[in-house]
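Student: Structure below; questions to follow.
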Amino acid sequence: MFLTVFFLYFIIVKFIIPCYCTDGAQGRSHWHCPVCRNITGRAEDFKIHLRKHGYEVTEKSSVTQQPILEEKDSFSKVQISEEEAKTQLKQETQSQTDSQKGCYKCKICRVQFSNTSNLKRHERMQHGLDQPMLCIDEKNAIYVTPKELHGPRVPIHIIKSLLLGKLYCESEICRDMAKIAARSGHPGTECHHLQRTNSAQRYIPPPPLNTTSLDQMLNKGLMSKSRVEESKDLLLKACEEEVDCVFPIFWGEYGLAQTYIYFSVFTNLKDNWCQLGRTIVTFDTHSGKWHCPCRGSKPRLSCVHRCVCMWWVFQEHPSWLKDNSIASPEEIEDIEENEEDRDDDRKPSNETASAVIKMTEYLMRCKKIPETLPQELTVREMVIPQSFVPKETKCPYCPGPCYPNLSDAILKTKCGTIYGLFSVHKGVAVYIKECPVCGTQVRFQEYNSGFHNFNNKVFLTIPLCSLLTTGLSNHIAVGRFLRTLGEHSKVYIPQNTIRKAFYHFSALRSYTYNYFCYRCGHHPPILIADSNWKVAFDLPVHLMRRPDLTNTTSQDTQVNISARWETLEKEIIATGFCDGKLFFILKHYMYFL
């Protein structure tokens, strides 16, 4: 007599008898799993193991049959009644419900797991399922494969070709390990990404891009004219290189998550974000958001790599973009405004260095903002005007006593943007005036109006500037405050632009500095700021200049702090005229003693 284990297999009752082969421990009886060939020594443990495979272990079957001992894992098929079939169907339904609650089964051995990470680890270690590897460029031998084994499967590019003599992986960790292995005497060591090329899928060309669909996007207002031209130029360059401009990557076809869809995009550049001339663009199918590494910290501004991917999606799978439009009207407006600004920068400017100095000196002399502002101006925001026009009628730059009249108002831009505490207003017209004699421009700069003009394109309300100043006095960083304001008001705020505009406001405002040291008193000769450590960098010793004691006087080593701060303020004010090209150069040098 021996113990028999009965279990249900769909609508069939099967049973297993113990085995005494040499695979067991010391010739004792053991059990062979019919699914994964696992060997179990005890009957109770074997029943638990069968339940992990989804089988129901039952008592002795009502149908009596003799076991067939042809093999050590033989089975006996016994027909069951209709009532038992209904019971089995009910159990299968319950099993599916348990799977929806968090039970994940292996497709090969049907073992259940509580989460997907354990299931994927089991498939990788027990069944040898490796990460996918796709060839996307047969000319240059470029492949894509997931960078990590867990989390979002963000792909990376690798290149491996014996004919071309190229071997490269975009992962910085893999390159560092290769260097360490080379120094240890193993120059031919390959990372796990490069090793996957042995089982890579052959190159299958994706559907090519069609310019007809791009014209349809332009007609529907889904893409600006400038982006359409850039997309066509990028496609033409890719065709000249005989490579695919856009190569879609669907990890869902290989049993991975389908939340994100990745695209390998041709860039025709070599940079840290496109080391092999291609970059990865990510599309979130749930939220409809895009991401490209070339965009940096500007999530609202599009790029040509995103646009060509949108082009491909609009052409091949327009249903993905049915509920999530490609670009919102505000984003298209930002793109157009950015292109207009770029076109303005390409035009020859009449603002020379002398003109910038004149305008800067005029703002410092006549447009200074007092330290104490009226409470109405700092608390309540004024009504948004339709346009900004300079109030000056005479030229402030020409020598007197007869100042020439300024010209009529000239439209500078119609895309001015006003940033307030909880709102952003776009489409404000900005006008300037010019002197017919000296040709210098005069712009709007009146703090009494409740608005501060930064560069004729960006305006800040005085309450916003006052609140940022108060935040700094209470140790609240400008960037942290702007992020809080943007998340609270649900409005996109370009932090870098507003930060520069606030610095421009601070440079024009008068401040009283009451800093003093408890030991040295007011105006200490030496100050050590925290920013000295934040901006520290390596400098060769031979570049440090020491003063020549024989030819250096005490006046040469002294620094006029008032003149230094005034020069710094002029540099900040000049950024509103010349887009960062500073024409005020510091005349004093710092000596390292």
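Ordering of the structure tokens sets the chain letters (A, B, ...), residue numbers begin anew at 1 in every chain, and ligands are numbered from 1 in the order given.
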If you count only C-alpha atoms, which residues fall within 9 Å of Arg499 in chain A, apart from same-chain ones fewer than 5 positions away, as a PyMOL selection string?
Tutor: chain A and resi 478-479+482+494+504
Student: Neighbouring residues of Ile142 in chain A were defined as those with any atom within 10 Å, considering only C-alpha atoms; residues of the same chain fewer than 2 positions away were excluded. Please report them as a list in words.
Tutor: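 My reading of the contact set: Leu134, Cys135, Ile136, Asp137, Glu138, Lys139, Asn140, Val144, His157, Ile158, Ile159, Lys160, Ser161, Lys166, Leu167, Tyr168, Cys169, Tyr203, Leu276 and Arg278 of chain A.
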Student: Just checking: using only C-alpha atoms, which residue out of A:Ile369, A:Met364, A:Cys103, A:Leu194 ends up closest to Cys465 in chain A?
Tutor: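 Of A:Ile369, A:Met364, A:Cys103, A:Leu194, the one nearest Cys465 in chain A is A:Ile369, counting only C-alpha atoms.
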Student: Please return, as a short mmCIF file (atom, residue, chain, number, x, y, z; two decimals) with all heavy atoms, in the first residue's frame, all residues of range 385-541 of chain A that DSSP assigns to alpha helix (DSSP H) on the basis of the backbone.
Tutor:
data_model
loop_
_atom_site.label_atom_id
_atom_site.label_comp_id
_atom_site.auth_asym_id
_atom_site.auth_seq_id
_atom_site.Cartn_x
_atom_site.Cartn_y
_atom_site.Cartn_z
N ILE A 462 3.87 94.26 -9.83
CA ILE A 462 4.59 94.74 -8.65
C ILE A 462 4.26 93.89 -7.41
O ILE A 462 5.16 93.60 -6.62
CB ILE A 462 4.29 96.23 -8.41
CG1 ILE A 462 4.78 97.06 -9.61
CG2 ILE A 462 4.97 96.72 -7.15
CD1 ILE A 462 6.26 96.95 -9.89
N PRO A 463 3.01 93.45 -7.19
CA PRO A 463 2.76 92.56 -6.04
C PRO A 463 3.57 91.27 -6.09
O PRO A 463 4.03 90.78 -5.05
CB PRO A 463 1.26 92.30 -6.12
CG PRO A 463 0.71 93.50 -6.80
CD PRO A 463 1.74 93.89 -7.81
N LEU A 464 3.76 90.71 -7.28
CA LEU A 464 4.58 89.49 -7.38
C LEU A 464 6.02 89.78 -7.02
O LEU A 464 6.66 89.01 -6.28
CB LEU A 464 4.48 88.93 -8.79
CG LEU A 464 5.36 87.71 -9.10
CD1 LEU A 464 5.00 86.54 -8.18
CD2 LEU A 464 5.23 87.29 -10.56
N CYS A 465 6.57 90.88 -7.51
CA CYS A 465 7.96 91.24 -7.17
C CYS A 465 8.10 91.52 -5.68
O CYS A 465 9.10 91.12 -5.05
CB CYS A 465 8.39 92.46 -7.98
SG CYS A 465 8.40 92.21 -9.77
N SER A 466 7.13 92.20 -5.10
CA SER A 466 7.19 92.50 -3.67
C SER A 466 7.11 91.23 -2.84
O SER A 466 7.81 91.08 -1.83
CB SER A 466 6.05 93.45 -3.30
OG SER A 466 6.06 93.74 -1.92
N LEU A 467 6.27 90.28 -3.26
CA LEU A 467 6.17 89.03 -2.52
C LEU A 467 7.44 88.20 -2.63
O LEU A 467 7.86 87.55 -1.65
CB LEU A 467 4.97 88.23 -3.04
CG LEU A 467 4.56 87.00 -2.22
CD1 LEU A 467 4.20 87.40 -0.81
CD2 LEU A 467 3.38 86.30 -2.89
N LEU A 468 8.08 88.20 -3.79
CA LEU A 468 9.36 87.49 -3.93
C LEU A 468 10.43 88.12 -3.05
O LEU A 468 11.25 87.41 -2.45
CB LEU A 468 9.80 87.51 -5.40
CG LEU A 468 8.99 86.64 -6.37
CD1 LEU A 468 9.44 86.89 -7.80
CD2 LEU A 468 9.14 85.17 -6.03
N THR A 469 10.43 89.45 -2.96
CA THR A 469 11.41 90.13 -2.09
C THR A 469 11.18 89.77 -0.63
O THR A 469 12.12 89.52 0.13
CB THR A 469 11.31 91.64 -2.29
OG1 THR A 469 11.48 91.95 -3.68
CG2 THR A 469 12.37 92.37 -1.49
N THR A 470 9.91 89.75 -0.21
CA THR A 470 9.60 89.38 1.17
C THR A 470 9.99 87.93 1.45
O THR A 470 10.46 87.60 2.55
CB THR A 470 8.11 89.58 1.43
OG1 THR A 470 7.74 90.92 1.09
CG2 THR A 470 7.78 89.34 2.89
N GLY A 471 9.78 87.06 0.46
CA GLY A 471 10.19 85.67 0.64
C GLY A 471 11.68 85.51 0.83
O GLY A 471 12.13 84.72 1.65
N LEU A 472 12.47 86.28 0.08
CA LEU A 472 13.92 86.22 0.25
C LEU A 472 14.34 86.68 1.63
O LEU A 472 15.27 86.12 2.22
CB LEU A 472 14.61 87.06 -0.82
CG LEU A 472 14.66 86.48 -2.23
CD1 LEU A 472 15.34 87.46 -3.18
CD2 LEU A 472 15.41 85.15 -2.25
N SER A 473 13.67 87.70 2.13
CA SER A 473 14.02 88.18 3.48
C SER A 473 13.67 87.16 4.55
O SER A 473 14.21 87.23 5.66
CB SER A 473 13.30 89.50 3.75
OG SER A 473 11.89 89.32 3.75
N VAL A 478 13.77 81.73 -4.46
CA VAL A 478 12.89 82.17 -5.55
C VAL A 478 12.34 80.96 -6.31
O VAL A 478 11.15 80.89 -6.62
CB VAL A 478 13.65 83.12 -6.49
CG1 VAL A 478 12.76 83.52 -7.67
CG2 VAL A 478 14.10 84.36 -5.74
N GLY A 479 13.21 79.98 -6.62
CA GLY A 479 12.76 78.82 -7.36
C GLY A 479 11.72 78.02 -6.61
O GLY A 479 10.71 77.57 -7.19
N ARG A 480 11.92 77.83 -5.31
CA ARG A 480 10.95 77.08 -4.50
C ARG A 480 9.62 77.82 -4.42
O ARG A 480 8.54 77.21 -4.49
CB ARG A 480 11.52 76.85 -3.11
CG ARG A 480 10.66 75.93 -2.24
CD ARG A 480 11.25 75.73 -0.85
NE ARG A 480 12.56 75.12 -0.92
CZ ARG A 480 13.69 75.73 -0.59
NH1 ARG A 480 13.65 77.00 -0.18
NH2 ARG A 480 14.84 75.13 -0.67
N PHE A 481 9.69 79.13 -4.31
CA PHE A 481 8.46 79.91 -4.24
C PHE A 481 7.70 79.85 -5.57
O PHE A 481 6.47 79.72 -5.58
CB PHE A 481 8.80 81.37 -3.89
CG PHE A 481 7.60 82.26 -3.78
CD1 PHE A 481 6.89 82.35 -2.60
CD2 PHE A 481 7.17 83.01 -4.86
CE1 PHE A 481 5.79 83.16 -2.50
CE2 PHE A 481 6.07 83.83 -4.77
CZ PHE A 481 5.37 83.92 -3.57
N LEU A 482 8.41 79.94 -6.69
CA LEU A 482 7.75 79.89 -7.99
C LEU A 482 7.14 78.52 -8.26
O LEU A 482 6.06 78.42 -8.85
CB LEU A 482 8.75 80.27 -9.10
CG LEU A 482 9.24 81.71 -9.09
CD1 LEU A 482 10.27 81.93 -10.20
CD2 LEU A 482 8.08 82.69 -9.27
N ARG A 483 7.80 77.45 -7.84
CA ARG A 483 7.22 76.12 -8.00
C ARG A 483 5.94 75.99 -7.18
O ARG A 483 4.94 75.42 -7.65
CB ARG A 483 8.23 75.05 -7.58
CG ARG A 483 9.33 74.79 -8.59
CD ARG A 483 10.05 73.50 -8.28
NE ARG A 483 10.63 73.49 -6.96
CZ ARG A 483 11.85 73.91 -6.66
NH1 ARG A 483 12.63 74.39 -7.64
NH2 ARG A 483 12.32 73.87 -5.43
N THR A 484 5.96 76.49 -5.95
CA THR A 484 4.77 76.45 -5.12
C THR A 484 3.63 77.25 -5.74
O THR A 484 2.48 76.81 -5.76
CB THR A 484 5.10 77.00 -3.72
OG1 THR A 484 6.19 76.26 -3.16
CG2 THR A 484 3.90 76.88 -2.81
N LEU A 485 3.96 78.42 -6.26
CA LEU A 485 2.94 79.27 -6.88
C LEU A 485 2.35 78.61 -8.12
O LEU A 485 1.14 78.66 -8.35
CB LEU A 485 3.56 80.62 -7.23
CG LEU A 485 2.61 81.76 -7.61
CD1 LEU A 485 1.72 82.10 -6.42
CD2 LEU A 485 3.39 82.98 -8.04
N GLY A 486 3.19 77.97 -8.93
CA GLY A 486 2.70 77.32 -10.13
C GLY A 486 1.82 76.13 -9.84
O GLY A 486 0.78 75.93 -10.47
N GLU A 487 2.22 75.30 -8.86
CA GLU A 487 1.42 74.13 -8.51
C GLU A 487 0.10 74.53 -7.86
O GLU A 487 -0.93 73.87 -8.04
CB GLU A 487 2.21 73.23 -7.57
CG GLU A 487 3.42 72.58 -8.23
CD GLU A 487 4.21 71.73 -7.26
OE1 GLU A 487 3.77 71.64 -6.08
OE2 GLU A 487 5.24 71.16 -7.65
N HIS A 488 0.12 75.62 -7.11
CA HIS A 488 -1.11 76.06 -6.45
C HIS A 488 -2.11 76.65 -7.45
O HIS A 488 -3.31 76.35 -7.38
CB HIS A 488 -0.79 77.10 -5.38
CG HIS A 488 -2.00 77.71 -4.74
ND1 HIS A 488 -2.80 77.02 -3.85
CD2 HIS A 488 -2.56 78.95 -4.88
CE1 HIS A 488 -3.79 77.80 -3.46
NE2 HIS A 488 -3.67 78.97 -4.07
N SER A 489 -1.65 77.46 -8.37
CA SER A 489 -2.54 78.12 -9.32
C SER A 489 -2.77 77.31 -10.58
O SER A 489 -3.54 77.73 -11.45
CB SER A 489 -1.96 79.49 -9.71
OG SER A 489 -0.66 79.35 -10.27
N GLN A 495 10.41 79.37 -14.71
CA GLN A 495 11.13 79.83 -13.53
C GLN A 495 12.37 80.64 -13.90
O GLN A 495 12.65 81.68 -13.28
CB GLN A 495 11.51 78.64 -12.66
CG GLN A 495 10.31 77.87 -12.14
CD GLN A 495 10.72 76.75 -11.21
OE1 GLN A 495 11.82 76.74 -10.66
NE2 GLN A 495 9.84 75.76 -11.04
N ASN A 496 13.13 80.19 -14.89
CA ASN A 496 14.36 80.90 -15.24
C ASN A 496 14.06 82.30 -15.74
O ASN A 496 14.76 83.27 -15.39
CB ASN A 496 15.13 80.11 -16.29
CG ASN A 496 15.68 78.80 -15.75
OD1 ASN A 496 15.93 78.69 -14.55
ND2 ASN A 496 15.85 77.82 -16.60
N THR A 497 13.04 82.44 -16.57
CA THR A 497 12.70 83.76 -17.11
C THR A 497 12.23 84.69 -16.01
O THR A 497 12.65 85.86 -15.94
CB THR A 497 11.62 83.62 -18.19
OG1 THR A 497 12.09 82.74 -19.21
CG2 THR A 497 11.29 84.96 -18.81
N ILE A 498 11.35 84.20 -15.13
CA ILE A 498 10.84 85.05 -14.05
C ILE A 498 11.94 85.38 -13.06
O ILE A 498 11.99 86.48 -12.49
CB ILE A 498 9.64 84.37 -13.37
CG1 ILE A 498 8.49 84.23 -14.37
CG2 ILE A 498 9.19 85.15 -12.15
CD1 ILE A 498 7.24 83.64 -13.78
N ARG A 499 12.85 84.46 -12.84
CA ARG A 499 13.98 84.74 -11.94
C ARG A 499 14.84 85.88 -12.48
O ARG A 499 15.23 86.79 -11.74
CB ARG A 499 14.81 83.48 -11.74
CG ARG A 499 15.95 83.68 -10.74
CD ARG A 499 16.82 82.47 -10.63
NE ARG A 499 16.14 81.36 -9.99
CZ ARG A 499 15.71 80.28 -10.61
NH1 ARG A 499 15.89 80.16 -11.93
NH2 ARG A 499 15.10 79.33 -9.97
N LYS A 500 15.13 85.85 -13.78
CA LYS A 500 15.90 86.94 -14.38
C LYS A 500 15.14 88.26 -14.32
O LYS A 500 15.74 89.31 -14.08
CB LYS A 500 16.25 86.59 -15.82
CG LYS A 500 17.19 85.41 -15.98
CD LYS A 500 17.45 85.09 -17.44
CE LYS A 500 18.36 83.89 -17.59
NZ LYS A 500 18.58 83.56 -19.02
N ALA A 501 13.83 88.20 -14.56
CA ALA A 501 13.03 89.42 -14.49
C ALA A 501 13.01 89.98 -13.07
O ALA A 501 13.04 91.21 -12.87
CB ALA A 501 11.61 89.14 -14.98
N PHE A 502 12.96 89.10 -12.08
CA PHE A 502 12.98 89.57 -10.69
C PHE A 502 14.34 90.17 -10.34
O PHE A 502 14.42 91.18 -9.60
CB PHE A 502 12.64 88.42 -9.75
CG PHE A 502 12.80 88.76 -8.29
CD1 PHE A 502 11.96 89.67 -7.69
CD2 PHE A 502 13.81 88.16 -7.54
CE1 PHE A 502 12.11 89.99 -6.35
CE2 PHE A 502 13.96 88.47 -6.21
CZ PHE A 502 13.11 89.39 -5.61
N TYR A 503 15.42 89.60 -10.82
CA TYR A 503 16.74 90.19 -10.61
C TYR A 503 16.81 91.58 -11.25
O TYR A 503 17.44 92.49 -10.70
CB TYR A 503 17.81 89.29 -11.20
CG TYR A 503 17.99 87.97 -10.47
CD1 TYR A 503 18.67 86.90 -11.06
CD2 TYR A 503 17.48 87.78 -9.20
CE1 TYR A 503 18.82 85.69 -10.40
CE2 TYR A 503 17.63 86.58 -8.53
CZ TYR A 503 18.30 85.54 -9.14
OH TYR A 503 18.45 84.35 -8.48
N HIS A 504 16.17 91.72 -12.40
CA HIS A 504 16.13 93.02 -13.07
C HIS A 504 15.39 94.04 -12.21
O HIS A 504 15.80 95.20 -12.07
CB HIS A 504 15.46 92.86 -14.43
CG HIS A 504 15.58 94.05 -15.32
ND1 HIS A 504 14.66 95.08 -15.31
CD2 HIS A 504 16.50 94.38 -16.26
CE1 HIS A 504 15.01 95.99 -16.20
NE2 HIS A 504 16.13 95.59 -16.79
N PHE A 505 14.27 93.61 -11.62
CA PHE A 505 13.53 94.48 -10.71
C PHE A 505 14.36 94.84 -9.48
O PHE A 505 14.37 96.00 -9.03
CB PHE A 505 12.23 93.78 -10.30
CG PHE A 505 11.48 94.46 -9.19
CD1 PHE A 505 10.63 95.52 -9.46
CD2 PHE A 505 11.62 94.04 -7.88
CE1 PHE A 505 9.93 96.16 -8.44
CE2 PHE A 505 10.93 94.66 -6.86
CZ PHE A 505 10.09 95.73 -7.13
N SER A 506 15.06 93.87 -8.91
CA SER A 506 15.88 94.12 -7.72
C SER A 506 17.03 95.06 -8.03
O SER A 506 17.43 95.85 -7.17
CB SER A 506 16.39 92.80 -7.16
OG SER A 506 15.32 91.94 -6.83
N ALA A 507 17.60 94.98 -9.25
CA ALA A 507 18.70 95.87 -9.60
C ALA A 507 18.23 97.31 -9.72
O ALA A 507 19.00 98.25 -9.46
CB ALA A 507 19.34 95.41 -10.91
N LEU A 508 16.99 97.53 -10.11
CA LEU A 508 16.47 98.90 -10.23
C LEU A 508 15.93 99.43 -8.91
O LEU A 508 15.70 100.64 -8.80
CB LEU A 508 15.34 98.93 -11.28
CG LEU A 508 15.77 99.01 -12.74
CD1 LEU A 508 14.56 98.94 -13.65
CD2 LEU A 508 16.55 100.29 -13.00
N SER A 531 27.70 80.95 -0.87
CA SER A 531 27.80 80.69 -2.31
C SER A 531 29.23 80.41 -2.75
O SER A 531 29.45 79.85 -3.83
CB SER A 531 27.25 81.88 -3.10
OG SER A 531 27.98 83.05 -2.81
N ASN A 532 30.20 80.79 -1.94
CA ASN A 532 31.59 80.50 -2.32
C ASN A 532 31.83 79.00 -2.41
O ASN A 532 32.60 78.54 -3.25
CB ASN A 532 32.56 81.12 -1.30
CG ASN A 532 32.56 82.63 -1.34
OD1 ASN A 532 32.12 83.21 -2.32
ND2 ASN A 532 33.00 83.26 -0.26
N TRP A 533 31.15 78.23 -1.58
CA TRP A 533 31.33 76.78 -1.62
C TRP A 533 30.49 76.16 -2.72
O TRP A 533 30.85 75.15 -3.30
CB TRP A 533 30.94 76.18 -0.26
CG TRP A 533 31.79 76.69 0.85
CD1 TRP A 533 31.46 77.61 1.79
CD2 TRP A 533 33.15 76.32 1.14
NE1 TRP A 533 32.50 77.86 2.65
CE2 TRP A 533 33.55 77.06 2.27
CE3 TRP A 533 34.05 75.42 0.55
CZ2 TRP A 533 34.81 76.93 2.82
CZ3 TRP A 533 35.31 75.30 1.11
CH2 TRP A 533 35.68 76.05 2.22
N LYS A 534 29.34 76.74 -3.02
CA LYS A 534 28.47 76.16 -4.03
C LYS A 534 29.03 76.33 -5.43
O LYS A 534 28.76 75.52 -6.31
CB LYS A 534 27.09 76.80 -3.94
CG LYS A 534 26.34 76.45 -2.66
CD LYS A 534 24.96 77.09 -2.65
CE LYS A 534 24.22 76.72 -1.37
NZ LYS A 534 22.87 77.33 -1.33
#
Student: Write out as a list in words the residues lying within 10 Å of Gln258 in chain A, counting only C-alpha atoms and excluding same-chain residues fewer than 6 positions away.
Tutor: Pro152, Arg153, Phe250, Trp251, Gly252, Asp284, Thr285 and His286 of chain A
Student: Would you put the residues from that selection into a file with all heavy atoms, as a PDB file, in the first residue's frame?
Tutor:
ATOM      1  N   PRO A 152      10.239  51.068 -15.177  1.00  0.00           N
ATOM      2  CA  PRO A 152       9.991  51.368 -16.594  1.00  0.00           C
ATOM      3  C   PRO A 152      11.168  50.916 -17.455  1.00  0.00           C
ATOM      4  O   PRO A 152      12.313  51.245 -17.168  1.00  0.00           O
ATOM      5  CB  PRO A 152       9.819  52.895 -16.606  1.00  0.00           C
ATOM      6  CG  PRO A 152       9.451  53.252 -15.206  1.00  0.00           C
ATOM      7  CD  PRO A 152      10.145  52.279 -14.332  1.00  0.00           C
ATOM      8  N   ARG A 153      10.865  50.192 -18.504  1.00  0.00           N
ATOM      9  CA  ARG A 153      11.920  49.648 -19.371  1.00  0.00           C
ATOM     10  C   ARG A 153      12.372  50.709 -20.381  1.00  0.00           C
ATOM     11  O   ARG A 153      12.064  50.648 -21.564  1.00  0.00           O
ATOM     12  CB  ARG A 153      11.418  48.399 -20.095  1.00  0.00           C
ATOM     13  CG  ARG A 153      11.025  47.246 -19.188  1.00  0.00           C
ATOM     14  CD  ARG A 153      12.186  46.835 -18.275  1.00  0.00           C
ATOM     15  NE  ARG A 153      12.033  45.491 -17.752  1.00  0.00           N
ATOM     16  CZ  ARG A 153      11.345  45.183 -16.670  1.00  0.00           C
ATOM     17  NH1 ARG A 153      10.743  46.138 -15.999  1.00  0.00           N
ATOM     18  NH2 ARG A 153      11.249  43.934 -16.260  1.00  0.00           N
ATOM     19  N   PHE A 250       7.872  48.838 -29.165  1.00  0.00           N
ATOM     20  CA  PHE A 250       6.718  48.357 -28.418  1.00  0.00           C
ATOM     21  C   PHE A 250       7.160  47.199 -27.529  1.00  0.00           C
ATOM     22  O   PHE A 250       7.268  46.055 -27.996  1.00  0.00           O
ATOM     23  CB  PHE A 250       5.610  47.904 -29.373  1.00  0.00           C
ATOM     24  CG  PHE A 250       5.141  48.984 -30.315  1.00  0.00           C
ATOM     25  CD1 PHE A 250       5.574  49.003 -31.631  1.00  0.00           C
ATOM     26  CD2 PHE A 250       4.286  49.977 -29.877  1.00  0.00           C
ATOM     27  CE1 PHE A 250       5.155  49.994 -32.504  1.00  0.00           C
ATOM     28  CE2 PHE A 250       3.856  50.974 -30.740  1.00  0.00           C
ATOM     29  CZ  PHE A 250       4.287  50.980 -32.052  1.00  0.00           C
ATOM     30  N   TRP A 251       7.427  47.480 -26.266  1.00  0.00           N
ATOM     31  CA  TRP A 251       7.820  46.420 -25.346  1.00  0.00           C
ATOM     32  C   TRP A 251       6.646  45.515 -25.005  1.00  0.00           C
ATOM     33  O   TRP A 251       6.846  44.409 -24.496  1.00  0.00           O
ATOM     34  CB  TRP A 251       8.377  47.011 -24.061  1.00  0.00           C
ATOM     35  CG  TRP A 251       9.706  47.677 -24.149  1.00  0.00           C
ATOM     36  CD1 TRP A 251      10.106  48.745 -23.413  1.00  0.00           C
ATOM     37  CD2 TRP A 251      10.832  47.321 -24.953  1.00  0.00           C
ATOM     38  NE1 TRP A 251      11.413  49.098 -23.718  1.00  0.00           N
ATOM     39  CE2 TRP A 251      11.872  48.233 -24.664  1.00  0.00           C
ATOM     40  CE3 TRP A 251      11.074  46.343 -25.919  1.00  0.00           C
ATOM     41  CZ2 TRP A 251      13.114  48.169 -25.286  1.00  0.00           C
ATOM     42  CZ3 TRP A 251      12.307  46.304 -26.543  1.00  0.00           C
ATOM     43  CH2 TRP A 251      13.309  47.193 -26.231  1.00  0.00           C
ATOM     44  N   GLY A 252       5.410  45.970 -25.228  1.00  0.00           N
ATOM     45  CA  GLY A 252       4.264  45.128 -24.942  1.00  0.00           C
ATOM     46  C   GLY A 252       4.223  43.858 -25.766  1.00  0.00           C
ATOM     47  O   GLY A 252       3.623  42.854 -25.351  1.00  0.00           O
ATOM     48  N   ASP A 284       3.531  58.598 -22.978  1.00  0.00           N
ATOM     49  CA  ASP A 284       2.711  57.975 -21.951  1.00  0.00           C
ATOM     50  C   ASP A 284       1.304  57.796 -22.513  1.00  0.00           C
ATOM     51  O   ASP A 284       0.588  58.781 -22.778  1.00  0.00           O
ATOM     52  CB  ASP A 284       2.667  58.848 -20.698  1.00  0.00           C
ATOM     53  CG  ASP A 284       2.006  58.139 -19.513  1.00  0.00           C
ATOM     54  OD1 ASP A 284       1.380  57.088 -19.735  1.00  0.00           O
ATOM     55  OD2 ASP A 284       2.125  58.644 -18.379  1.00  0.00           O
ATOM     56  N   THR A 285       0.883  56.554 -22.702  1.00  0.00           N
ATOM     57  CA  THR A 285      -0.415  56.294 -23.309  1.00  0.00           C
ATOM     58  C   THR A 285      -1.577  56.634 -22.389  1.00  0.00           C
ATOM     59  O   THR A 285      -2.693  56.821 -22.865  1.00  0.00           O
ATOM     60  CB  THR A 285      -0.507  54.811 -23.713  1.00  0.00           C
ATOM     61  OG1 THR A 285      -0.278  53.989 -22.545  1.00  0.00           O
ATOM     62  CG2 THR A 285       0.521  54.472 -24.780  1.00  0.00           C
ATOM     63  N   HIS A 286      -1.338  56.725 -21.087  1.00  0.00           N
ATOM     64  CA  HIS A 286      -2.415  57.034 -20.149  1.00  0.00           C
ATOM     65  C   HIS A 286      -2.662  58.535 -20.056  1.00  0.00           C
ATOM     66  O   HIS A 286      -3.807  58.986 -20.149  1.00  0.00           O
ATOM     67  CB  HIS A 286      -2.095  56.471 -18.760  1.00  0.00           C
ATOM     68  CG  HIS A 286      -2.131  54.978 -18.722  1.00  0.00           C
ATOM     69  ND1 HIS A 286      -1.774  54.246 -17.599  1.00  0.00           N
ATOM     70  CD2 HIS A 286      -2.485  54.056 -19.661  1.00  0.00           C
ATOM     71  CE1 HIS A 286      -1.908  52.950 -17.862  1.00  0.00           C
ATOM     72  NE2 HIS A 286      -2.333  52.814 -19.104  1.00  0.00           N
TER      73      HIS A 286
END
